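Chemist: Structure file coords.cif (mmCIF, C-alpha atoms and all ligand atoms) is given on the next line.
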data_final
#
loop_
_atom_site.label_atom_id
_atom_site.label_comp_id
_atom_site.auth_asym_id
_atom_site.auth_seq_id
_atom_site.Cartn_x
_atom_site.Cartn_y
_atom_site.Cartn_z
CA MET A 1 65.04 32.19 -37.83
CA ASN A 2 66.56 28.91 -36.66
CA PRO A 3 64.88 27.00 -33.83
CA ILE A 4 65.77 28.11 -30.31
CA GLU A 5 67.19 24.66 -29.48
CA GLU A 6 70.13 25.40 -31.79
CA ILE A 7 71.37 28.07 -29.39
CA PHE A 8 72.02 25.53 -26.60
CA PRO A 9 75.27 24.16 -28.10
CA VAL A 10 76.41 27.76 -28.76
CA LEU A 11 76.00 28.46 -25.04
CA ALA A 12 78.33 25.58 -24.14
CA ALA A 13 81.33 27.94 -24.31
CA PRO A 14 81.58 31.35 -22.57
CA LYS A 15 80.11 34.17 -24.66
CA LYS A 16 79.63 37.91 -24.45
CA VAL A 17 75.89 38.35 -24.23
CA ILE A 18 73.46 41.28 -24.24
CA ILE A 19 69.87 40.87 -23.15
CA THR A 20 67.35 43.52 -24.11
CA MET A 21 63.59 43.97 -23.85
CA HIS A 22 60.83 46.25 -25.15
CA GLN A 23 60.83 49.93 -24.26
CA LYS A 24 59.17 50.95 -20.98
CA PRO A 25 59.52 47.37 -19.70
CA ASP A 26 56.71 45.76 -17.72
CA PRO A 27 57.11 42.94 -15.16
CA ASP A 28 57.27 40.30 -17.93
CA ALA A 29 59.91 42.12 -20.02
CA MET A 30 62.10 42.88 -17.01
CA GLY A 31 61.40 39.58 -15.20
CA SER A 32 62.18 37.36 -18.19
CA SER A 33 65.34 39.36 -18.99
CA LEU A 34 66.66 39.20 -15.42
CA ALA A 35 65.82 35.49 -15.08
CA LEU A 36 67.83 34.79 -18.25
CA TYR A 37 70.59 37.05 -16.89
CA HIS A 38 70.83 35.03 -13.65
CA LEU A 39 70.94 31.81 -15.66
CA LEU A 40 73.60 32.90 -18.17
CA VAL A 41 75.86 34.38 -15.48
CA GLN A 42 75.81 31.02 -13.68
CA LEU A 43 76.72 29.33 -16.98
CA GLY A 44 79.89 31.46 -17.13
CA HIS A 45 78.87 34.02 -19.74
CA SER A 46 79.60 37.71 -19.54
CA VAL A 47 76.15 39.33 -19.58
CA THR A 48 74.88 42.90 -19.92
CA VAL A 49 71.17 43.72 -19.60
CA VAL A 50 69.97 46.82 -21.44
CA SER A 51 66.55 48.46 -21.29
CA PRO A 52 65.81 50.80 -24.22
CA THR A 53 64.25 53.29 -21.78
CA ASN A 54 63.72 53.80 -18.06
CA TRP A 55 61.28 51.56 -16.20
CA PRO A 56 58.69 51.83 -13.42
CA ALA A 57 60.09 52.09 -9.90
CA PHE A 58 57.95 49.08 -8.90
CA LEU A 59 60.43 46.86 -10.79
CA ASN A 60 63.49 48.03 -8.85
CA TRP A 61 63.19 45.29 -6.20
CA MET A 62 63.87 42.57 -8.78
CA PRO A 63 67.15 40.77 -8.12
CA GLY A 64 69.69 42.10 -10.64
CA CYS A 65 67.68 45.23 -11.56
CA GLU A 66 70.46 47.41 -10.17
CA ASP A 67 72.74 46.06 -12.94
CA VAL A 68 70.37 46.96 -15.81
CA LEU A 69 71.59 49.76 -18.10
CA ASP A 70 69.19 52.36 -19.50
CA TYR A 71 69.87 53.32 -23.13
CA GLU A 72 68.24 56.72 -22.61
CA ASN A 73 70.67 57.50 -19.81
CA ASN A 74 73.50 59.41 -21.50
CA ARG A 75 76.02 58.37 -18.87
CA GLN A 76 75.47 54.68 -19.65
CA ARG A 77 75.28 54.90 -23.43
CA GLU A 78 79.03 54.58 -24.07
CA LYS A 79 79.15 51.39 -22.01
CA ILE A 80 76.15 50.02 -23.93
CA TYR A 81 77.77 50.72 -27.33
CA GLU A 82 80.95 49.04 -26.18
CA SER A 83 79.09 45.93 -24.98
CA LEU A 84 77.08 45.79 -28.19
CA MET A 85 80.19 46.10 -30.37
CA ASN A 86 81.91 43.23 -28.55
CA ALA A 87 78.83 41.03 -28.12
CA ASP A 88 78.55 37.54 -29.60
CA LEU A 89 74.85 37.16 -28.85
CA LEU A 90 71.92 39.50 -28.36
CA PHE A 91 68.75 38.14 -26.75
CA CYS A 92 65.58 40.14 -27.53
CA LEU A 93 62.90 39.30 -24.99
CA ASP A 94 59.19 40.08 -24.91
CA PHE A 95 59.02 42.06 -28.15
CA ASN A 96 58.34 41.03 -31.72
CA ALA A 97 59.97 43.74 -33.84
CA ILE A 98 63.28 45.51 -33.32
CA SER A 99 61.52 48.86 -33.72
CA ARG A 100 59.94 48.26 -30.30
CA ALA A 101 63.37 48.93 -28.78
CA LYS A 102 62.78 52.63 -29.60
CA HIS A 103 66.11 54.52 -30.03
CA PHE A 104 68.09 51.37 -29.18
CA ALA A 105 66.67 49.79 -32.37
CA ALA A 106 69.16 51.46 -34.75
CA PRO A 107 72.30 50.24 -32.90
CA ILE A 108 70.73 46.76 -32.63
CA LYS A 109 70.14 46.65 -36.39
CA ALA A 110 73.70 47.87 -37.05
CA SER A 111 75.22 45.23 -34.75
CA SER A 112 76.70 42.12 -36.35
CA CYS A 113 76.16 39.77 -33.38
CA LYS A 114 73.74 36.84 -33.57
CA LYS A 115 70.23 37.86 -32.55
CA ILE A 116 67.86 35.60 -30.64
CA LEU A 117 64.13 36.19 -30.20
CA ILE A 118 62.08 34.80 -27.31
CA ASP A 119 58.59 36.27 -27.42
CA HIS A 120 54.83 35.68 -27.32
CA HIS A 121 53.44 38.69 -29.24
CA GLN A 122 51.53 38.26 -32.49
CA GLN A 123 53.03 38.74 -35.97
CA PRO A 124 56.75 38.65 -35.07
CA GLU A 125 59.33 39.92 -37.56
CA THR A 126 61.23 36.64 -37.53
CA ALA A 127 63.45 37.65 -40.47
CA SER A 128 65.32 40.03 -38.14
CA PHE A 129 66.57 37.16 -35.93
CA ASP A 130 69.09 34.31 -36.32
CA TYR A 131 67.56 32.02 -33.71
CA GLY A 132 64.44 32.09 -31.67
CA ILE A 133 61.01 31.06 -30.63
CA SER A 134 57.76 32.95 -31.02
CA ASP A 135 54.74 31.33 -29.38
CA THR A 136 51.56 33.38 -29.02
CA SER A 137 49.95 30.57 -27.04
CA LYS A 138 52.29 31.27 -24.09
CA SER A 139 51.11 33.39 -21.19
CA SER A 140 54.32 35.36 -21.03
CA THR A 141 57.94 35.49 -22.08
CA SER A 142 58.75 34.51 -18.49
CA GLU A 143 56.95 31.19 -19.01
CA MET A 144 59.05 30.73 -22.17
CA ILE A 145 62.28 31.40 -20.22
CA TYR A 146 61.17 28.77 -17.69
CA ASN A 147 60.77 26.32 -20.58
CA PHE A 148 64.13 27.45 -22.00
CA ILE A 149 65.77 26.57 -18.67
CA TRP A 150 64.16 23.12 -18.68
CA ASN A 151 64.76 22.36 -22.35
CA GLY A 152 68.37 23.52 -22.18
CA GLY A 153 69.08 21.13 -19.31
CA TYR A 154 69.82 24.01 -16.92
CA ARG A 155 67.34 22.89 -14.30
CA ASP A 156 70.05 22.75 -11.60
CA LYS A 157 70.65 26.49 -12.08
CA MET A 158 67.13 27.45 -10.94
CA ASN A 159 67.21 29.50 -7.74
CA THR A 160 64.92 31.88 -5.85
CA SER A 161 66.21 34.96 -7.73
CA ILE A 162 65.18 33.39 -11.03
CA ALA A 163 61.92 32.19 -9.47
CA GLU A 164 60.98 35.69 -8.23
CA CYS A 165 61.69 37.26 -11.63
CA LEU A 166 59.71 34.60 -13.51
CA TYR A 167 56.81 34.72 -11.07
CA ALA A 168 56.56 38.52 -11.43
CA GLY A 169 56.53 38.22 -15.21
CA VAL A 170 53.82 35.57 -15.38
CA MET A 171 51.76 37.33 -12.72
CA GLY A 172 51.92 40.60 -14.67
CA ASP A 173 50.96 39.15 -18.04
CA THR A 174 48.15 36.92 -16.75
CA GLY A 175 46.45 39.63 -14.65
CA SER A 176 47.52 37.74 -11.51
CA PHE A 177 46.60 34.35 -13.04
CA ARG A 178 43.18 35.50 -14.13
CA TYR A 179 43.32 35.54 -17.95
CA ALA A 180 42.69 32.47 -20.11
CA SER A 181 46.45 32.33 -20.77
CA ALA A 182 46.98 31.15 -17.17
CA SER A 183 47.02 27.55 -18.38
CA GLU A 184 47.53 24.29 -16.56
CA SER A 185 51.24 24.47 -17.43
CA VAL A 186 51.45 27.97 -15.93
CA HIS A 187 50.04 26.70 -12.64
CA ARG A 188 52.40 23.71 -12.71
CA MET A 189 55.29 26.09 -13.29
CA ILE A 190 54.26 28.20 -10.28
CA ALA A 191 54.00 25.06 -8.15
CA ASP A 192 57.54 24.19 -9.19
CA LEU A 193 58.78 27.70 -8.33
CA LYS A 194 57.07 27.42 -4.93
CA ALA A 195 58.81 24.10 -4.34
CA LEU A 196 62.11 25.91 -4.95
CA GLY A 197 61.31 28.25 -2.06
CA LEU A 198 59.62 31.14 -3.86
CA LYS A 199 57.71 33.50 -1.56
CA HIS A 200 55.01 34.94 -3.81
CA THR A 201 53.26 37.44 -1.51
CA PRO A 202 56.17 39.93 -1.44
CA VAL A 203 56.20 39.88 -5.26
CA HIS A 204 52.55 41.03 -5.35
CA ASP A 205 53.23 43.66 -2.67
CA ASN A 206 56.32 44.99 -4.44
CA ILE A 207 54.50 45.44 -7.74
CA TYR A 208 50.92 46.34 -6.83
CA ASP A 209 51.18 47.97 -3.40
CA ASN A 210 54.20 50.16 -4.00
CA PHE A 211 52.84 53.48 -5.29
CA LEU A 212 52.89 56.98 -3.86
CA GLU A 213 49.73 58.74 -2.68
CA ASN A 214 49.61 60.97 -5.77
CA ARG A 215 49.12 57.95 -8.04
CA LEU A 216 45.95 56.91 -6.20
CA ARG A 217 44.64 60.50 -6.26
CA PHE A 218 45.37 60.58 -10.01
CA LEU A 219 43.47 57.33 -10.47
CA GLY A 220 40.43 58.82 -8.68
CA HIS A 221 40.65 61.95 -10.81
CA VAL A 222 40.81 60.22 -14.18
CA LEU A 223 38.03 57.74 -13.35
CA LEU A 224 35.79 60.60 -12.24
CA ASN A 225 36.66 63.24 -14.82
CA ARG A 226 38.40 61.66 -17.81
CA MET A 227 36.39 58.52 -18.54
CA GLN A 228 33.72 58.31 -21.21
CA VAL A 229 31.49 55.28 -21.64
CA PHE A 230 29.98 54.51 -25.04
CA TYR A 231 27.31 51.93 -24.20
CA GLU A 232 26.27 51.74 -27.87
CA TYR A 233 29.73 50.24 -28.58
CA ASN A 234 30.27 48.55 -25.19
CA THR A 235 33.45 50.59 -24.93
CA ALA A 236 34.97 52.83 -22.27
CA LEU A 237 37.67 55.39 -22.96
CA ILE A 238 39.99 57.31 -20.64
CA SER A 239 41.88 60.21 -22.19
CA VAL A 240 44.54 61.87 -20.09
CA PRO A 241 45.77 65.35 -21.07
CA LYS A 242 49.34 66.42 -20.36
CA THR A 243 48.14 68.88 -17.70
CA ASP A 244 46.99 65.94 -15.53
CA LEU A 245 50.37 64.23 -15.81
CA LEU A 246 52.08 67.40 -14.61
CA LYS A 247 49.56 68.21 -11.88
CA PHE A 248 49.83 64.75 -10.28
CA GLU A 249 53.57 64.40 -10.98
CA ILE A 250 53.00 61.16 -12.88
CA ARG A 251 56.10 59.04 -13.47
CA THR A 252 56.84 55.96 -15.60
CA GLY A 253 54.66 53.11 -14.37
CA ASP A 254 52.04 55.25 -12.62
CA THR A 255 49.58 54.76 -15.50
CA GLU A 256 50.23 51.00 -15.69
CA GLY A 257 47.06 48.96 -15.19
CA LEU A 258 44.74 51.97 -15.39
CA VAL A 259 43.17 50.64 -18.58
CA ASN A 260 41.83 47.63 -16.68
CA PHE A 261 39.45 49.67 -14.49
CA PRO A 262 36.86 50.47 -17.21
CA LEU A 263 36.68 46.75 -18.02
CA THR A 264 35.10 46.21 -14.60
CA ILE A 265 31.92 47.96 -15.85
CA GLN A 266 29.20 45.44 -16.63
CA GLY A 267 28.95 44.69 -20.36
CA ILE A 268 32.11 46.55 -21.43
CA LYS A 269 33.95 44.69 -24.19
CA MET A 270 36.75 47.14 -24.91
CA ALA A 271 38.61 49.58 -22.68
CA ALA A 272 41.04 52.13 -24.05
CA ILE A 273 43.31 54.72 -22.51
CA CYS A 274 45.08 57.47 -24.39
CA ILE A 275 47.86 59.37 -22.66
CA ASP A 276 49.18 62.66 -23.99
CA ARG A 277 52.93 62.10 -23.72
CA ASP A 278 55.47 64.65 -24.90
CA GLU A 279 56.54 62.80 -28.02
CA GLU A 280 53.27 61.04 -28.93
CA ARG A 281 49.80 60.01 -27.86
CA LYS A 282 50.18 56.57 -26.29
CA TRP A 283 47.34 54.03 -26.43
CA SER A 284 46.57 50.92 -24.40
CA PHE A 285 43.68 48.66 -25.34
CA ARG A 286 42.08 45.78 -23.45
CA SER A 287 39.16 43.62 -24.45
CA LYS A 288 37.05 40.79 -23.17
CA GLY A 289 35.97 37.87 -25.30
CA GLU A 290 35.78 38.13 -29.05
CA PHE A 291 36.97 41.64 -29.81
CA ASP A 292 40.52 41.58 -31.24
CA VAL A 293 42.43 44.64 -30.02
CA ASN A 294 45.65 43.48 -31.69
CA THR A 295 44.01 44.02 -35.09
CA PHE A 296 42.26 47.18 -33.92
CA ALA A 297 45.56 48.70 -32.71
CA ARG A 298 47.31 47.69 -35.94
CA ASN A 299 44.57 49.08 -38.18
CA TYR A 300 44.17 52.46 -36.52
CA PHE A 301 47.11 53.30 -34.24
CA GLU A 302 50.32 51.72 -35.58
CA GLY A 303 50.33 49.22 -32.74
CA GLY A 304 49.60 45.63 -31.86
CA GLY A 305 50.30 43.05 -29.19
CA HIS A 306 47.89 40.34 -28.14
CA TYR A 307 44.27 39.47 -28.95
CA ASN A 308 42.92 40.93 -25.69
CA ALA A 309 45.71 43.41 -24.84
CA ALA A 310 47.52 45.74 -27.19
CA GLY A 311 49.16 49.13 -27.47
CA GLY A 312 49.50 51.80 -30.09
CA HIS A 313 50.43 55.42 -30.69
CA SER A 314 49.58 58.49 -32.69
CA SER A 315 51.55 61.58 -33.61
CA GLU A 316 48.40 63.70 -33.94
CA SER A 317 47.07 65.93 -31.15
CA LEU A 318 45.08 64.35 -28.32
CA GLU A 319 41.86 65.86 -29.68
CA LYS A 320 42.41 64.50 -33.21
CA THR A 321 43.51 61.12 -31.86
CA ILE A 322 40.35 60.79 -29.76
CA HIS A 323 38.24 61.85 -32.73
CA ARG A 324 39.85 59.14 -34.84
CA PHE A 325 39.16 56.58 -32.07
CA LYS A 326 35.47 57.48 -32.07
CA GLU A 327 35.35 57.09 -35.87
CA ALA A 328 37.03 53.70 -35.47
CA LEU A 329 34.33 52.65 -32.99
CA LYS A 330 31.67 53.33 -35.63
CA GLU A 331 33.57 51.23 -38.17
CA ASN A 332 33.82 48.37 -35.68
CA ALA A 333 30.28 48.69 -34.37
CA SER A 334 29.15 45.27 -35.60
CA GLN A 335 31.89 43.49 -33.62
CA LEU A 336 31.45 45.59 -30.50
CA GLN A 337 27.68 45.36 -30.19
MN MN B 401 54.92 39.67 -22.22
#
Do you think you could lay out the structure here as structure tokens?

Modeler:
Amino acid sequence: MNPIEEIFPVLAAPKKVIITMHQKPDPDAMGSSLALYHLLVQLGHSVTVVSPTNWPAFLNWMPGCEDVLDYENNRQREKIYESLMNADLLFCLDFNAISRAKHFAAPIKASSCKKILIDHHQQPETASFDYGISDTSKSSTSEMIYNFIWNGGYRDKMNTSIAECLYAGVMGDTGSFRYASASESVHRMIADLKALGLKHTPVHDNIYDNFLENRLRFLGHVLLNRMQVFYEYNTALISVPKTDLLKFEIRTGDTEGLVNFPLTIQGIKMAAICIDRDEERKWSFRSKGEFDVNTFARNYFEGGGHYNAAGGHSSESLEKTIHRFKEALKENASQLQ
């Protein structure tokens, strides 16, 4: 993978560009992709943004979101293939391995265009990319796009649309500027975005205060009835059966952030949530301090991510998956106690 700086001269002439992100995009994946989209369009490129799957409705307010194509939408797939076939460049944002693009991964691998990685997840598969930057010390891919704009000399292209997208991404990945990753440079970046005219309160409202009643009822239900606390391992687990998802009419994004609630219990070092989706059992892990959920997710549930936040999955039944989690707790007892 060549350094990201080498892409700047390539961008001096108009190109056909695709920007994609990880499946089920979060504010950082969508925000960084749309910020780059707004930049590249201003630079005269022809740009298509593709999400491998649908996304939470709380991202729809983002400027440019209405132009994003969904690979799982059959009506848009032809257009996506056509763009991919003609593309010169493919930017992969906020994911570290092409497999994280789900069913869009195979067409990406088959495509002959130059691939560029901009990402902050651990253990990236850099061999899959022609250019790029992977920096696990960064709070978010949105922060990296902000740096990309500066380092590329595109500072004059910054506007409030870009600022809103970047702010949402950094806010999402830093737990609203709470995690250790909310560095001095992150706060300086936000100050700069504010100076450009960014209004940050509507961004918080659009993302965090934009759910339907059923989502809050669901939250109450799972915290009351589906949470187990293992004080001997300083761990809390929420397991959500499919019947709950149907009963509360849960949609993409409704379970986002749920995993953070058990971490508010005094002394809890790891929180985990397992959701019984149609195709697999989907895990999210969060930790505080010294417990490495990236390694935990990799070792037991074919996942990964960051030191204190990771995901994973299992093709076994919910019951077997939960059993395996409890066995894993025993094996990790010394680090959790
Ligand atoms: Mn991210």

Chemist: Using all atoms listed in the file for the distances, tell me which of A:Asp88, A:Glu327, A:Asp119, A:Glu164 is nearest to ligand MN 401 (chain B).

Modeler: A:Asp119

Chemist: List all protein, DNA and RNA residues that have any atom at most 7 Å from ligand MN 401 (chain B), counting only C-alpha atoms and all ligand atoms, and write the list as a PDB file with C-alpha atoms, keeping the file's coordinate frame.

Modeler:
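This went into out-v3.pdb:
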ATOM      1  CA  ASP A  28      57.270  40.300 -17.930  1.00  0.00           C
ATOM      2  CA  ALA A  29      59.910  42.120 -20.020  1.00  0.00           C
ATOM      3  CA  ASP A  94      59.190  40.080 -24.910  1.00  0.00           C
ATOM      4  CA  HIS A 120      54.830  35.680 -27.320  1.00  0.00           C
ATOM      5  CA  SER A 140      54.320  35.360 -21.030  1.00  0.00           C
ATOM      6  CA  THR A 141      57.940  35.490 -22.080  1.00  0.00           C
ATOM      7  CA  ASP A 173      50.960  39.150 -18.040  1.00  0.00           C
TER       8      ASP A 173
END

Chemist: To one decimal place in Å, what is the distance between atom CA of Arg178 of chain A and atom CA of Arg286 of chain A?

Modeler: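 Value for the atom CA of Arg178 of chain A-atom CA of Arg286 of chain A distance: 13.9 Å.
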
Chemist: Select, from A:Tyr167, A:Phe8, A:Phe218, A:Trp55, the residue with the minimum atom-to-atom distance to Ala35 of chain A, counting only C-alpha atoms.

Modeler: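 Checking each candidate against Ala35 of chain A, we get A:Tyr167 as the closest.
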
Chemist: With all atoms listed in the file as the counted atoms, please give the residues lying no more than 8 Å from His38 of chain A, apart from itself and same-chain residues fewer than 6 positions off, as a ChimeraX atom specification.

Modeler: /A:64,161-162

Chemist: What's the 7 Å shell around Gly303 of chain A, counting all atoms listed in the file, without same-chain residues fewer than 4 positions away, as a ChimeraX atom specification?

Modeler: /A:297-298,311-313

Chemist: Of the residues A:Leu329, A:Val259, A:Ile250, A:Ile322, which is the one nearest to Glu213 of chain A, using all atoms listed in the file?

Modeler: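 Selected residue with least distance to Glu213 of chain A: A:Ile250.
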
Chemist: Just the number, please: distance in Å from atom CA of Cys274 of chain A to atom CA of Ser142 of chain A, one decimal.

Modeler: 27.4 Å

Chemist: Could you tell me how far atom CA of Ala105 of chain A sits from atom CA of Phe301 of chain A, in Å to one decimal place?

Modeler: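 If I compute the distance from atom CA of Phe301 of chain A to atom CA of Ala105 of chain A, I get 20.0 Å.
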
Chemist: Would you please work out which residue, of A:Tyr146, A:Ile108, A:Gly132, A:Leu11, is nearest to Ser33 of chain A when using all atoms listed in the file?

Modeler: A:Tyr146

Chemist: If the box runs along x, y and z of the file and leaves 5 Å on each side of segment 80-98 of chain A, what are its centre and edge lengths in Å, one decimal, as JSON?

Modeler:
{"center_x": 70.1, "center_y": 43.9, "center_z": -28.9, "size_x": 33.6, "size_y": 23.6, "size_z": 19.9}

Chemist: Nearest to Pro3 of chain A: which of A:Ile118, A:Ser185, A:Phe285, A:Thr252 is it, counting all atoms listed in the file?

Modeler: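 Among the listed residues, A:Ile118 lies closest to Pro3 of chain A.
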